[in-house]
file run-v8.txt (compact mmCIF, C-alpha atoms)
# COMPACT_ATOMS: atom_id res chain seq x y z
CA LYS A 1341 -85.68 -14.41 -72.13
CA PRO A 1342 -88.70 -16.19 -73.55
CA SER A 1343 -92.01 -14.45 -73.18
CA GLY A 1344 -95.20 -15.90 -71.85
CA GLY A 1345 -97.16 -15.40 -75.08
CA HIS A 1346 -98.16 -18.16 -77.47
CA ILE A 1347 -96.75 -18.15 -81.01
CA THR A 1348 -99.21 -19.80 -83.40
CA PRO A 1349 -97.59 -21.59 -86.30
CA SER A 1350 -98.25 -20.01 -89.67
CA PRO A 1351 -100.78 -21.84 -91.84
CA GLY A 1352 -98.44 -21.54 -94.83
CA VAL A 1353 -95.88 -23.86 -93.24
CA GLY A 1354 -96.45 -27.46 -94.31
CA MET A 1355 -96.95 -30.23 -91.76
CA GLU A 1356 -95.47 -32.86 -94.05
CA SER A 1357 -92.97 -32.67 -96.88
CA GLN A 1358 -94.85 -29.96 -98.77
CA CYS A 1359 -92.03 -27.48 -99.43
CA PRO A 1360 -90.08 -29.59 -101.94
CA SER A 1361 -93.15 -29.92 -104.19
CA SER A 1362 -94.32 -26.29 -104.01
CA TYR A 1363 -91.94 -25.15 -106.68
CA GLY A 1364 -93.01 -27.92 -109.05
CA ARG A 1365 -96.67 -27.15 -108.62
CA ARG A 1366 -96.21 -23.48 -109.45
CA PHE A 1367 -93.52 -23.54 -112.11
CA GLY A 1368 -93.53 -27.08 -113.38
CA PRO A 1369 -90.65 -29.50 -113.22
CA ALA A 1370 -87.52 -27.87 -112.08
CA THR A 1371 -84.55 -28.11 -114.38
CA PRO A 1372 -80.95 -27.61 -113.46
CA MET A 1373 -80.81 -24.47 -115.55
CA GLN A 1374 -83.72 -22.83 -113.69
CA ARG A 1375 -82.33 -23.09 -110.17
CA VAL A 1376 -79.63 -21.21 -108.41
CA LEU A 1377 -77.77 -23.07 -105.72
CA PRO A 1378 -77.65 -21.11 -102.50
CA GLY A 1379 -74.33 -20.86 -100.88
CA SER A 1380 -72.52 -22.40 -103.89
CA PRO A 1381 -69.04 -21.18 -104.72
CA PRO A 1382 -68.87 -18.79 -107.70
CA ALA A 1383 -66.44 -21.03 -109.60
CA ARG A 1384 -68.88 -23.97 -109.58
CA LEU A 1385 -71.83 -21.97 -110.97
CA ARG A 1386 -69.96 -19.87 -113.56
CA ALA A 1387 -70.83 -21.34 -117.04
CA PRO A 1388 -67.95 -20.83 -119.50
CA ARG A 1389 -68.98 -19.34 -122.78
CA LEU A 1390 -67.67 -20.56 -126.14
CA GLY A 1391 -66.49 -18.15 -128.67
CA SER A 1392 -69.43 -19.13 -130.92
CA GLY A 1393 -72.04 -18.46 -128.15
CA ARG A 1394 -72.64 -22.16 -127.31
CA MET A 1395 -72.49 -23.74 -123.88
CA ASP A 1396 -70.41 -26.69 -122.84
CA PHE A 1397 -73.15 -29.33 -122.39
CA SER A 1398 -70.85 -31.77 -120.62
CA LEU A 1399 -70.29 -29.23 -117.90
CA ALA A 1400 -74.05 -28.58 -117.75
CA THR A 1401 -74.69 -32.31 -117.37
CA ALA A 1402 -72.22 -32.50 -114.49
CA LEU A 1403 -73.80 -29.50 -112.88
CA ASN A 1404 -77.24 -31.03 -113.37
CA SER A 1405 -76.25 -34.32 -111.70
CA GLU A 1406 -74.59 -32.52 -108.84
CA PHE A 1407 -77.59 -30.25 -108.49
CA ARG A 1408 -79.92 -33.24 -108.41
CA GLU A 1409 -77.86 -34.86 -105.67
CA MET A 1410 -77.96 -31.66 -103.69
CA ARG A 1411 -81.70 -31.32 -104.22
CA THR A 1412 -82.19 -34.93 -103.16
CA SER A 1413 -80.23 -34.36 -99.98
CA GLU A 1414 -82.09 -31.12 -99.39
CA ARG A 1415 -85.41 -32.91 -99.93
CA VAL A 1416 -84.46 -35.61 -97.44
CA GLU A 1417 -83.32 -32.96 -94.98
CA MET A 1418 -86.53 -31.01 -95.47
CA MET A 1419 -88.57 -34.16 -94.90
CA GLU A 1420 -86.69 -34.80 -91.68
CA LEU A 1421 -87.16 -31.19 -90.66
CA ASN A 1422 -90.86 -31.42 -91.47
CA ASP A 1423 -91.15 -34.59 -89.40
CA ARG A 1424 -89.36 -32.93 -86.50
CA PHE A 1425 -91.49 -29.86 -86.97
CA ALA A 1426 -94.68 -31.94 -86.88
CA SER A 1427 -93.51 -33.77 -83.77
CA TYR A 1428 -92.64 -30.43 -82.15
CA ILE A 1429 -96.05 -29.02 -83.01
CA GLU A 1430 -97.73 -32.12 -81.56
CA LYS A 1431 -95.60 -31.85 -78.45
CA VAL A 1432 -96.40 -28.15 -78.18
CA ARG A 1433 -100.11 -28.93 -78.54
CA LEU A 1434 -99.91 -31.53 -75.78
CA LEU A 1435 -97.91 -29.17 -73.58
CA GLU A 1436 -100.42 -26.39 -74.20
CA GLN A 1437 -103.27 -28.69 -73.23
CA ARG A 1438 -101.42 -29.77 -70.13
CA ASN A 1439 -100.54 -26.17 -69.41
CA LYS A 1440 -104.18 -25.12 -69.68
CA ALA A 1441 -105.27 -28.02 -67.47
CA LEU A 1442 -102.65 -27.13 -64.85
CA ALA A 1443 -103.55 -23.44 -65.06
CA LEU A 1444 -107.23 -24.28 -64.63
CA GLU A 1445 -106.47 -26.57 -61.69
CA LEU A 1446 -104.20 -23.94 -60.17
CA ASN A 1447 -106.87 -21.25 -60.52
CA GLN A 1448 -109.47 -23.54 -59.00
CA GLU A 1449 -107.18 -24.39 -56.08
CA ARG A 1450 -106.29 -20.73 -55.67
CA ASP A 1451 -109.91 -19.60 -55.76
CA ARG A 1452 -111.38 -22.35 -53.63
CA GLU A 1453 -109.10 -24.24 -51.29
CA PRO A 1454 -106.87 -21.59 -49.68
CA SER A 1455 -109.73 -19.28 -48.76
CA ARG A 1456 -111.92 -22.09 -47.41
CA LEU A 1457 -109.10 -23.74 -45.51
CA GLY A 1458 -107.92 -20.37 -44.28
CA ASP A 1459 -111.39 -19.54 -42.94
CA VAL A 1460 -111.68 -22.97 -41.30
CA TYR A 1461 -108.22 -22.66 -39.74
CA GLN A 1462 -108.86 -19.12 -38.56
CA GLU A 1463 -112.20 -20.15 -37.02
CA GLN A 1464 -110.58 -23.10 -35.26
CA LEU A 1465 -107.72 -20.90 -34.05
CA ARG A 1466 -110.17 -18.30 -32.73
CA GLU A 1467 -112.16 -21.03 -30.97
CA LEU A 1468 -108.99 -22.47 -29.46
CA ARG A 1469 -107.86 -19.02 -28.34
CA ARG A 1470 -111.26 -18.37 -26.70
CA HIS A 1471 -111.08 -21.73 -24.94
CA VAL A 1472 -107.52 -21.02 -23.77
CA GLU A 1473 -108.61 -17.60 -22.46
CA GLN A 1474 -111.53 -19.20 -20.59
CA LEU A 1475 -109.21 -21.77 -19.05
CA GLY A 1476 -106.76 -19.02 -18.12
CA THR A 1477 -109.57 -17.02 -16.46
CA ALA A 1478 -110.77 -20.10 -14.55
CA LYS A 1479 -107.21 -20.85 -13.48
CA ALA A 1480 -106.68 -17.26 -12.27
CA ARG A 1481 -109.98 -17.37 -10.32
CA LEU A 1482 -109.03 -20.68 -8.69
CA GLU A 1483 -105.58 -19.32 -7.85
CA ILE A 1484 -107.19 -16.27 -6.20
CA GLU A 1485 -109.53 -18.53 -4.20
CA ARG A 1486 -106.57 -20.72 -3.26
CA ASP A 1487 -104.61 -17.67 -2.08
CA ASN A 1488 -107.59 -16.43 -0.04
CA LEU A 1489 -108.04 -19.85 1.55
CA ALA A 1490 -104.31 -20.01 2.22
CA GLN A 1491 -104.53 -16.62 3.99
CA ASP A 1492 -107.55 -17.79 6.01
CA LEU A 1493 -105.71 -20.99 6.85
CA GLY A 1494 -102.65 -19.00 7.95
CA SER A 1495 -104.76 -16.73 10.17
CA LEU A 1496 -106.55 -19.74 11.68
CA GLN A 1497 -103.25 -21.49 12.27
CA GLN A 1498 -101.92 -18.34 13.98
CA LYS A 1499 -105.08 -18.15 16.09
CA LEU A 1500 -104.75 -21.85 16.90
CA GLN A 1501 -101.14 -21.30 17.90
CA ASP A 1502 -102.20 -18.42 20.17
CA GLU A 1503 -104.93 -20.57 21.72
CA VAL A 1504 -102.47 -23.42 22.24
CA THR A 1505 -100.08 -20.96 23.92
CA LEU A 1506 -102.89 -19.69 26.16
CA ARG A 1507 -103.86 -23.28 26.96
CA LEU A 1508 -100.29 -24.11 27.90
CA GLU A 1509 -100.14 -21.00 30.09
CA ALA A 1510 -103.45 -21.94 31.73
CA GLU A 1511 -102.25 -25.48 32.32
CA SER A 1512 -99.01 -24.09 33.78
CA ASN A 1513 -101.00 -21.75 36.04
CA LEU A 1514 -103.28 -24.64 36.98
CA ALA A 1515 -100.28 -26.76 37.87
CA ALA A 1516 -98.92 -23.89 39.97
CA TYR A 1517 -102.32 -23.47 41.64
CA ARG A 1518 -102.46 -27.18 42.35
CA GLN A 1519 -99.02 -26.95 43.91
CA ASP A 1520 -100.16 -24.03 46.04
CA VAL A 1521 -103.28 -25.96 47.07
CA ASP A 1522 -101.16 -28.95 47.94
CA ASN A 1523 -98.80 -26.75 49.94
CA ALA A 1524 -101.74 -25.09 51.70
CA THR A 1525 -103.23 -28.50 52.44
CA LEU A 1526 -99.92 -29.69 53.83
CA ALA A 1527 -99.60 -26.52 55.91
CA ARG A 1528 -103.17 -26.96 57.21
CA LEU A 1529 -102.46 -30.57 58.13
CA ASP A 1530 -99.24 -29.52 59.84
CA LEU A 1531 -101.06 -26.79 61.76
CA GLU A 1532 -103.81 -29.21 62.70
CA ARG A 1533 -101.18 -31.65 63.90
CA ARG A 1534 -99.39 -28.92 65.86
CA MET A 1535 -102.71 -27.70 67.24
CA GLY A 1536 -103.50 -31.21 68.38
CA THR A 1537 -100.06 -31.46 69.95
CA LEU A 1538 -100.52 -28.11 71.70
CA GLN A 1539 -103.96 -29.14 72.92
CA ASP A 1540 -102.52 -32.37 74.25
CA GLU A 1541 -99.70 -30.43 75.85
CA ILE A 1542 -102.19 -27.95 77.41
CA ALA A 1543 -104.28 -30.82 78.70
CA PHE A 1544 -101.16 -32.49 80.09
CA LEU A 1545 -100.04 -29.25 81.70
CA ARG A 1546 -103.50 -28.81 83.19
CA LYS A 1547 -103.39 -32.30 84.56
CA VAL A 1548 -99.91 -31.73 85.93
CA HIS A 1549 -100.96 -28.42 87.41
CA GLU A 1550 -104.07 -29.93 88.94
CA GLU A 1551 -102.02 -32.85 90.24
CA GLU A 1552 -99.48 -30.49 91.74
CA LEU A 1553 -102.23 -28.40 93.32
CA ARG A 1554 -103.87 -31.52 94.65
CA GLU A 1555 -100.59 -32.76 96.07
CA LEU A 1556 -99.90 -29.39 97.63
CA GLN A 1557 -103.35 -29.27 99.13
CA GLU A 1558 -102.93 -32.79 100.48
CA GLN A 1559 -99.58 -31.89 101.96
CA LEU A 1560 -101.04 -28.80 103.52
CA SER A 1561 -103.98 -30.70 104.91
CA ARG A 1562 -101.80 -33.49 106.40
CA GLN A 1563 -99.21 -31.36 108.06
CA ARG A 1564 -101.43 -28.63 109.43
CA VAL A 1565 -98.32 -27.21 110.75
CA HIS A 1566 -98.38 -23.68 111.82
CA VAL A 1567 -95.18 -22.11 111.12
CA GLU A 1568 -94.49 -18.81 112.41
CA VAL A 1569 -92.36 -16.70 110.37
CA ASP A 1570 -91.11 -13.23 110.60
CA ALA A 1571 -93.02 -10.38 109.07
CA SER A 1572 -90.31 -9.82 106.57
CA LYS A 1573 -90.62 -13.37 105.23
CA PRO A 1574 -93.37 -14.00 102.66
CA ASP A 1575 -96.29 -16.21 103.31
CA LEU A 1576 -95.83 -19.53 101.51
CA ALA A 1577 -99.51 -19.99 100.78
CA ALA A 1578 -99.78 -16.49 99.44
CA ALA A 1579 -96.69 -17.06 97.36
CA LEU A 1580 -98.12 -20.30 96.08
CA ARG A 1581 -101.40 -18.64 95.34
CA HIS A 1582 -99.60 -15.83 93.65
CA ILE A 1583 -97.50 -18.27 91.62
CA ARG A 1584 -100.59 -20.28 90.88
CA GLY A 1585 -102.45 -17.18 89.74
CA GLN A 1586 -99.55 -16.09 87.57
CA TYR A 1587 -99.21 -19.57 86.13
CA GLU A 1588 -102.91 -19.83 85.46
CA ALA A 1589 -102.88 -16.36 83.93
CA VAL A 1590 -99.92 -17.30 81.74
CA ALA A 1591 -101.53 -20.61 80.83
CA ALA A 1592 -104.83 -18.92 80.05
CA SER A 1593 -103.06 -16.23 78.08
CA ASN A 1594 -101.04 -18.84 76.18
CA ALA A 1595 -104.13 -20.93 75.56
CA GLN A 1596 -106.05 -17.90 74.40
CA GLU A 1597 -103.22 -16.72 72.19
CA THR A 1598 -102.77 -20.20 70.82
CA GLU A 1599 -106.46 -20.55 70.15
CA GLN A 1600 -106.61 -17.14 68.51
CA TRP A 1601 -103.51 -17.85 66.44
CA TYR A 1602 -104.93 -21.21 65.46
CA LYS A 1603 -108.28 -19.64 64.59
CA SER A 1604 -106.61 -16.89 62.54
CA LYS A 1605 -104.33 -19.36 60.79
CA PHE A 1606 -107.25 -21.70 60.22
CA ALA A 1607 -109.31 -18.82 58.84
CA ASP A 1608 -106.41 -17.78 56.62
CA LEU A 1609 -105.92 -21.33 55.44
CA THR A 1610 -109.66 -21.70 54.92
CA ASP A 1611 -109.73 -18.47 52.91
CA ALA A 1612 -106.65 -19.52 50.96
CA ALA A 1613 -108.14 -22.94 50.33
CA ALA A 1614 -111.43 -21.36 49.25
CA TRP A 1615 -109.56 -18.92 47.00
CA GLN A 1616 -107.44 -21.72 45.61
CA THR A 1617 -110.55 -23.83 45.07
CA GLU A 1618 -112.26 -20.94 43.30
CA ALA A 1619 -109.15 -20.30 41.21
CA LEU A 1620 -108.91 -24.00 40.44
CA ARG A 1621 -112.56 -24.10 39.45
CA ALA A 1622 -112.09 -20.99 37.26
CA ALA A 1623 -108.94 -22.48 35.78
CA LYS A 1624 -110.77 -25.74 35.09
CA GLN A 1625 -113.64 -23.85 33.54
CA GLU A 1626 -111.26 -21.73 31.47
CA ALA A 1627 -109.33 -24.83 30.45
CA SER A 1628 -112.57 -26.56 29.44
CA GLU A 1629 -113.56 -23.43 27.49
CA TYR A 1630 -110.15 -23.38 25.81
CA ARG A 1631 -110.47 -27.08 25.13
CA ARG A 1632 -113.86 -26.53 23.55
CA GLN A 1633 -112.52 -23.65 21.44
CA LEU A 1634 -109.52 -25.77 20.51
CA GLN A 1635 -111.80 -28.59 19.40
CA ALA A 1636 -113.90 -26.15 17.37
CA LEU A 1637 -110.79 -24.60 15.81
CA THR A 1638 -109.41 -28.07 15.14
CA CYS A 1639 -112.65 -29.02 13.39
CA ASP A 1640 -112.54 -25.78 11.39
CA LEU A 1641 -108.89 -26.40 10.57
CA GLN A 1642 -109.66 -29.93 9.42
CA ALA A 1643 -112.55 -28.64 7.30
CA LEU A 1644 -110.33 -25.93 5.80
CA ARG A 1645 -107.58 -28.45 5.15
CA GLY A 1646 -110.09 -30.71 3.43
CA ALA A 1647 -111.39 -27.78 1.36
CA ASN A 1648 -107.82 -26.72 0.57
CA GLU A 1649 -106.88 -30.23 -0.48
CA SER A 1650 -110.03 -30.46 -2.59
CA LEU A 1651 -109.28 -27.13 -4.25
CA GLU A 1652 -105.65 -28.09 -4.81
CA ARG A 1653 -106.79 -31.39 -6.32
CA GLN A 1654 -109.27 -29.56 -8.56
CA LEU A 1655 -106.53 -27.09 -9.49
CA ARG A 1656 -104.14 -29.91 -10.37
CA GLU A 1657 -106.87 -31.61 -12.40
CA LEU A 1658 -107.62 -28.34 -14.18
CA GLU A 1659 -103.93 -27.76 -14.83
CA GLU A 1660 -103.52 -31.31 -16.15
CA ARG A 1661 -106.64 -31.00 -18.30
CA TYR A 1662 -105.50 -27.56 -19.44
CA ALA A 1663 -102.06 -28.96 -20.28
CA LEU A 1664 -103.62 -31.88 -22.19
CA GLU A 1665 -106.04 -29.62 -24.04
CA THR A 1666 -103.25 -27.13 -24.77
CA ALA A 1667 -101.06 -29.95 -26.07
CA GLY A 1668 -103.96 -31.19 -28.20
CA TYR A 1669 -104.63 -27.71 -29.51
CA GLN A 1670 -100.93 -27.21 -30.22
CA ASP A 1671 -100.86 -30.53 -32.07
CA THR A 1672 -103.95 -29.48 -34.02
CA VAL A 1673 -102.40 -26.10 -34.83
CA ALA A 1674 -99.14 -27.78 -35.81
CA ARG A 1675 -101.03 -30.27 -37.97
CA LEU A 1676 -103.02 -27.46 -39.59
CA GLU A 1677 -99.83 -25.50 -40.16
CA GLU A 1678 -98.23 -28.59 -41.68
CA ASP A 1679 -101.26 -29.04 -43.94
CA THR A 1680 -101.10 -25.37 -44.89
CA GLN A 1681 -97.37 -25.66 -45.54
CA SER A 1682 -97.89 -28.81 -47.60
CA LEU A 1683 -100.61 -27.05 -49.60
CA LYS A 1684 -98.32 -24.07 -50.10
CA GLU A 1685 -95.50 -26.35 -51.17
CA GLU A 1686 -97.85 -28.20 -53.51
CA MET A 1687 -99.01 -24.89 -54.98
CA ALA A 1688 -95.39 -23.79 -55.32
CA ARG A 1689 -94.59 -27.10 -56.99
CA HIS A 1690 -97.52 -26.66 -59.38
CA LEU A 1691 -96.36 -23.12 -60.09
CA GLN A 1692 -92.83 -24.38 -60.68
CA ASP A 1693 -94.14 -27.10 -63.02
CA TYR A 1694 -96.23 -24.50 -64.76
CA GLN A 1695 -93.19 -22.22 -65.08
CA ASP A 1696 -91.07 -25.09 -66.39
CA LEU A 1697 -93.74 -26.04 -68.91
CA LEU A 1698 -94.06 -22.40 -69.89
CA ASN A 1699 -90.30 -22.19 -70.39
CA VAL A 1700 -90.33 -25.38 -72.46
CA LYS A 1701 -93.24 -24.03 -74.50
CA LEU A 1702 -91.46 -20.72 -75.06
CA ALA A 1703 -88.30 -22.54 -76.10
CA LEU A 1704 -90.34 -24.65 -78.50
CA ASP A 1705 -92.07 -21.52 -79.79
CA MET A 1706 -88.68 -19.95 -80.45
CA GLU A 1707 -87.48 -23.07 -82.19
CA ILE A 1708 -90.70 -23.26 -84.24
CA ALA A 1709 -90.27 -19.59 -85.19
CA THR A 1710 -86.71 -20.34 -86.25
CA TYR A 1711 -87.84 -23.28 -88.37
CA ARG A 1712 -90.64 -21.16 -89.82
CA LYS A 1713 -88.15 -18.50 -90.88
CA LEU A 1714 -85.91 -21.17 -92.33
CA LEU A 1715 -88.82 -22.69 -94.27
CA GLU A 1716 -90.02 -19.30 -95.50
CA GLY A 1717 -86.50 -18.45 -96.60
CA GLU A 1718 -86.15 -21.78 -98.39
CA GLU A 1719 -89.47 -21.33 -100.17
CA SER A 1720 -88.58 -17.80 -101.27
CA ARG A 1721 -85.20 -19.04 -102.44
CA ILE A 1722 -86.73 -21.85 -104.49
CA THR A 1723 -89.39 -19.67 -106.16
CA ILE A 1724 -86.93 -17.15 -107.69
CA PRO A 1725 -87.33 -17.44 -111.53
CA VAL A 1726 -84.32 -17.63 -113.83
CA GLN A 1727 -84.41 -15.18 -116.79
CA SER A 1728 -82.88 -17.45 -119.35
CA PHE A 1729 -80.36 -20.17 -119.59
CA SER A 1730 -78.09 -17.99 -121.76
CA SER A 1731 -78.02 -15.20 -119.18
CA LEU A 1732 -76.88 -17.54 -116.45
CA GLN A 1733 -74.41 -15.58 -114.41
CA VAL A 1734 -72.62 -16.53 -111.33
CA ARG A 1735 -74.28 -14.57 -108.58
CA GLU A 1736 -73.50 -14.40 -105.01
CA THR A 1737 -76.72 -15.25 -103.14
CA SER A 1738 -77.40 -14.18 -99.67
CA LEU A 1739 -80.47 -16.28 -99.06
CA ASP A 1740 -78.85 -18.36 -96.37
CA THR A 1741 -77.53 -15.26 -94.72
CA LYS A 1742 -80.92 -13.67 -95.07
CA SER A 1743 -82.60 -16.78 -93.64
CA VAL A 1744 -80.21 -16.84 -90.75
CA SER A 1745 -80.48 -13.12 -90.22
CA GLU A 1746 -84.26 -13.28 -90.42
CA ALA A 1747 -84.16 -16.08 -87.92
CA HIS A 1748 -82.45 -13.65 -85.55
CA VAL A 1749 -84.85 -10.76 -86.04
CA LYS A 1750 -85.17 -8.81 -82.85
CA ARG A 1751 -88.53 -9.18 -81.18
CA SER A 1752 -90.18 -7.27 -78.40
CA ILE A 1753 -90.68 -9.89 -75.74
CA VAL A 1754 -92.80 -9.41 -72.65
CA VAL A 1755 -91.23 -11.24 -69.74
CA LYS A 1756 -93.77 -12.56 -67.22
CA THR A 1757 -92.06 -13.53 -63.97
CA VAL A 1758 -94.06 -15.64 -61.55
CA GLU A 1759 -92.64 -15.59 -58.03
CA THR A 1760 -93.76 -17.77 -55.20
CA ARG A 1761 -93.15 -16.83 -51.60
CA ASP A 1762 -94.28 -19.21 -48.87
CA GLY A 1763 -96.56 -20.93 -51.34
CA GLU A 1764 -98.33 -17.67 -52.36
CA VAL A 1765 -98.15 -16.19 -55.88
call {"tool": "encode", "arguments": {"input": "run-v8.txt", "output": "structure tokens"}}
result
Amino acid sequence: KPSGGHITPSPGVGMESQCPSSYGRRFGPATPMQRVLPGSPPARLRAPRLGSGRMDFSLATALNSEFREMRTSERVEMMELNDRFASYIEKVRLLEQRNKALALELNQERDREPSRLGDVYQEQLRELRRHVEQLGTAKARLEIERDNLAQDLGSLQQKLQDEVTLRLEAESNLAAYRQDVDNATLARLDLERRMGTLQDEIAFLRKVHEEELRELQEQLSRQRVHVEVDASKPDLAAALRHIRGQYEAVAASNAQETEQWYKSKFADLTDAAAWQTEALRAAKQEASEYRRQLQALTCDLQALRGANESLERQLRELEERYALETAGYQDTVARLEEDTQSLKEEMARHLQDYQDLLNVKLALDMEIATYRKLLEGEESRITIPVQSFSSLQVRETSLDTKSVSEAHVKRSIVVKTVETRDGEV
């Protein structure tokens, strides 16, 4: 894996097409006899010797032309590689500048924004929690007051129900007392009527008795007849007197008994009427007292109902305001969490861009290192001097293999892994 370190291009590597002319500057114009073609087959580079020690110049000319063509193609290829290398270096420079700018911006955001926003959010959350706790305490206090008022209202309603029951009992007793008074009044009127009838009857009987006595006396006075009777026969006058005495005694006794009975009954009725009147007065007074207490309890009940309704209305208003404030606080918390999440996502995106740019830079550094090794290998291959034209031997060169192998030299690479979890590094 590519490391996070920067690989600085070597100053010896040319930015333009400098490698093809380095050999000429140091050793003069290159001739076909002074160069060894890398990777050429042995049969093409083996110069046949003549028996007299002379070279076949026609073959040398062919080799020279072919070598020139190869050098021309190599020069063009090197120029293209140099152009690509220069563009890569420019791109790497731009990416490094952008990488530094992003790293600086990321460090600034990491040092400044999260801590400040976190403190602001935490302060707001603490304030909201304190406000919610205060509202909860106020709600609990109002609920306790409501429960106490509900208990007081229940006790007053029970007391009112008891008073209503007592009032109904008093009214029932009053109705019964009124019925008794009416019955006593009717009985008194009946007794008075009967007493009047008896008095009339007594007066009539007296008149009849007096009339009978008067008639008897008149008869006795008119006849003046002396009747002689035997001793064994009773005297009529004595018998009449005796009957009269008995009748008067019975009449007097009946009149006395009737008068006494009337007086006793009248006294009883008077006492009963007085007792009923007193009971009625007490019942009326008790009923008025109950009525007054009922009115007072009704007023208290109305006041308590008004207070209960007011408290319930205040409780509903507090609950509605608490619900609205809670919803607002929840919206604020959700919005702050969304902002925090967006900032975390933006930081993660910046980190991902930074990681991508770092990967691109490392890939470019590896490619630049590969091109550097290729260029160094080409330069070392070109600068190998030839001993002499006569000692030209076909040699197997391993410069390409060496260049390729050097391009794959093992390096100790430090892998820097940047992980992001919930927007935090």
call {"tool": "closest_residue", "arguments": {"input": "run-v8.txt", "among": "A:Ala1636, A:Met1410, A:Leu1514, A:Leu1655", "to": "Arg1621 of chain A", "atoms": "all atoms listed in the file"}}
result
A:Leu1514
call {"tool": "atom_distance", "arguments": {"input": "run-v8.txt", "atom1": "atom CA of Asp1423 of chain A", "atom2": "atom CA of Asn1404 of chain A"}}
result
27.9 Å
call {"tool": "atom_distance", "arguments": {"input": "run-v8.txt", "atom1": "atom CA of Lys1605 of chain A", "atom2": "atom CA of Leu1531 of chain A"}}
result
8.2 Å
call {"tool": "closest_residue", "arguments": {"input": "run-v8.txt", "among": "A:Ser1604, A:Gln1633, A:Gln1692, A:Thr1401", "to": "Leu1446 of chain A", "atoms": "all atoms listed in the file"}}
result
A:Gln1692
call {"tool": "residues_around", "arguments": {"input": "run-v8.txt", "residues": "segment 1483-1494 of chain A", "least_positions_apart": "5", "cutoff": "12 Å", "atoms": "all atoms listed in the file", "output": "list of chain:residue names"}}
result
A:Gly1476, A:Thr1477, A:Ala1478, A:Lys1499, A:Leu1500, A:Gln1501, A:Leu1637, A:Thr1638, A:Asp1640, A:Leu1641, A:Gln1642, A:Ala1643, A:Leu1644, A:Arg1645, A:Gly1646, A:Ala1647, A:Asn1648, A:Glu1649, A:Ser1650, A:Leu1651, A:Glu1652, A:Arg1653, A:Gln1654, A:Leu1655, A:Arg1656, A:Leu1658, A:Glu1659
call {"tool": "residues_around", "arguments": {"input": "run-v8.txt", "residues": "Gln1437 of chain A", "least_positions_apart": "4", "cutoff": "12 Å", "atoms": "only C-alpha atoms", "output": "list in words"}}
result
Glu1430, Lys1431, Val1432, Arg1433, Ala1441, Leu1442, Ala1443, Leu1444, Tyr1694, Leu1697, Leu1698 and Lys1701 of chain A
call {"tool": "atom_distance", "arguments": {"input": "run-v8.txt", "atom1": "atom CA of Arg1528 of chain A", "atom2": "atom CA of Phe1606 of chain A"}}
result
7.3 Å
call {"tool": "closest_residue", "arguments": {"input": "run-v8.txt", "among": "A:Thr1680, A:Thr1505, A:Glu1420, A:Glu1552", "to": "Asp1459 of chain A", "atoms": "all atoms listed in the file"}}
result
A:Thr1680
call {"tool": "axis_aligned_box", "arguments": {"input": "run-v8.txt", "around": "segment 1614-1631 of chain A", "padding_each_side": "6 Å", "output": "JSON"}}
result
{"center_x": -110.5, "center_y": -23.0, "center_z": 37.2, "size_x": 18.2, "size_y": 20.2, "size_z": 36.1}
call {"tool": "closest_residue", "arguments": {"input": "run-v8.txt", "among": "A:Glu1463, A:Leu1434, A:Ala1510, A:Glu1551", "to": "Glu1629 of chain A", "atoms": "all atoms listed in the file"}}
result
A:Ala1510
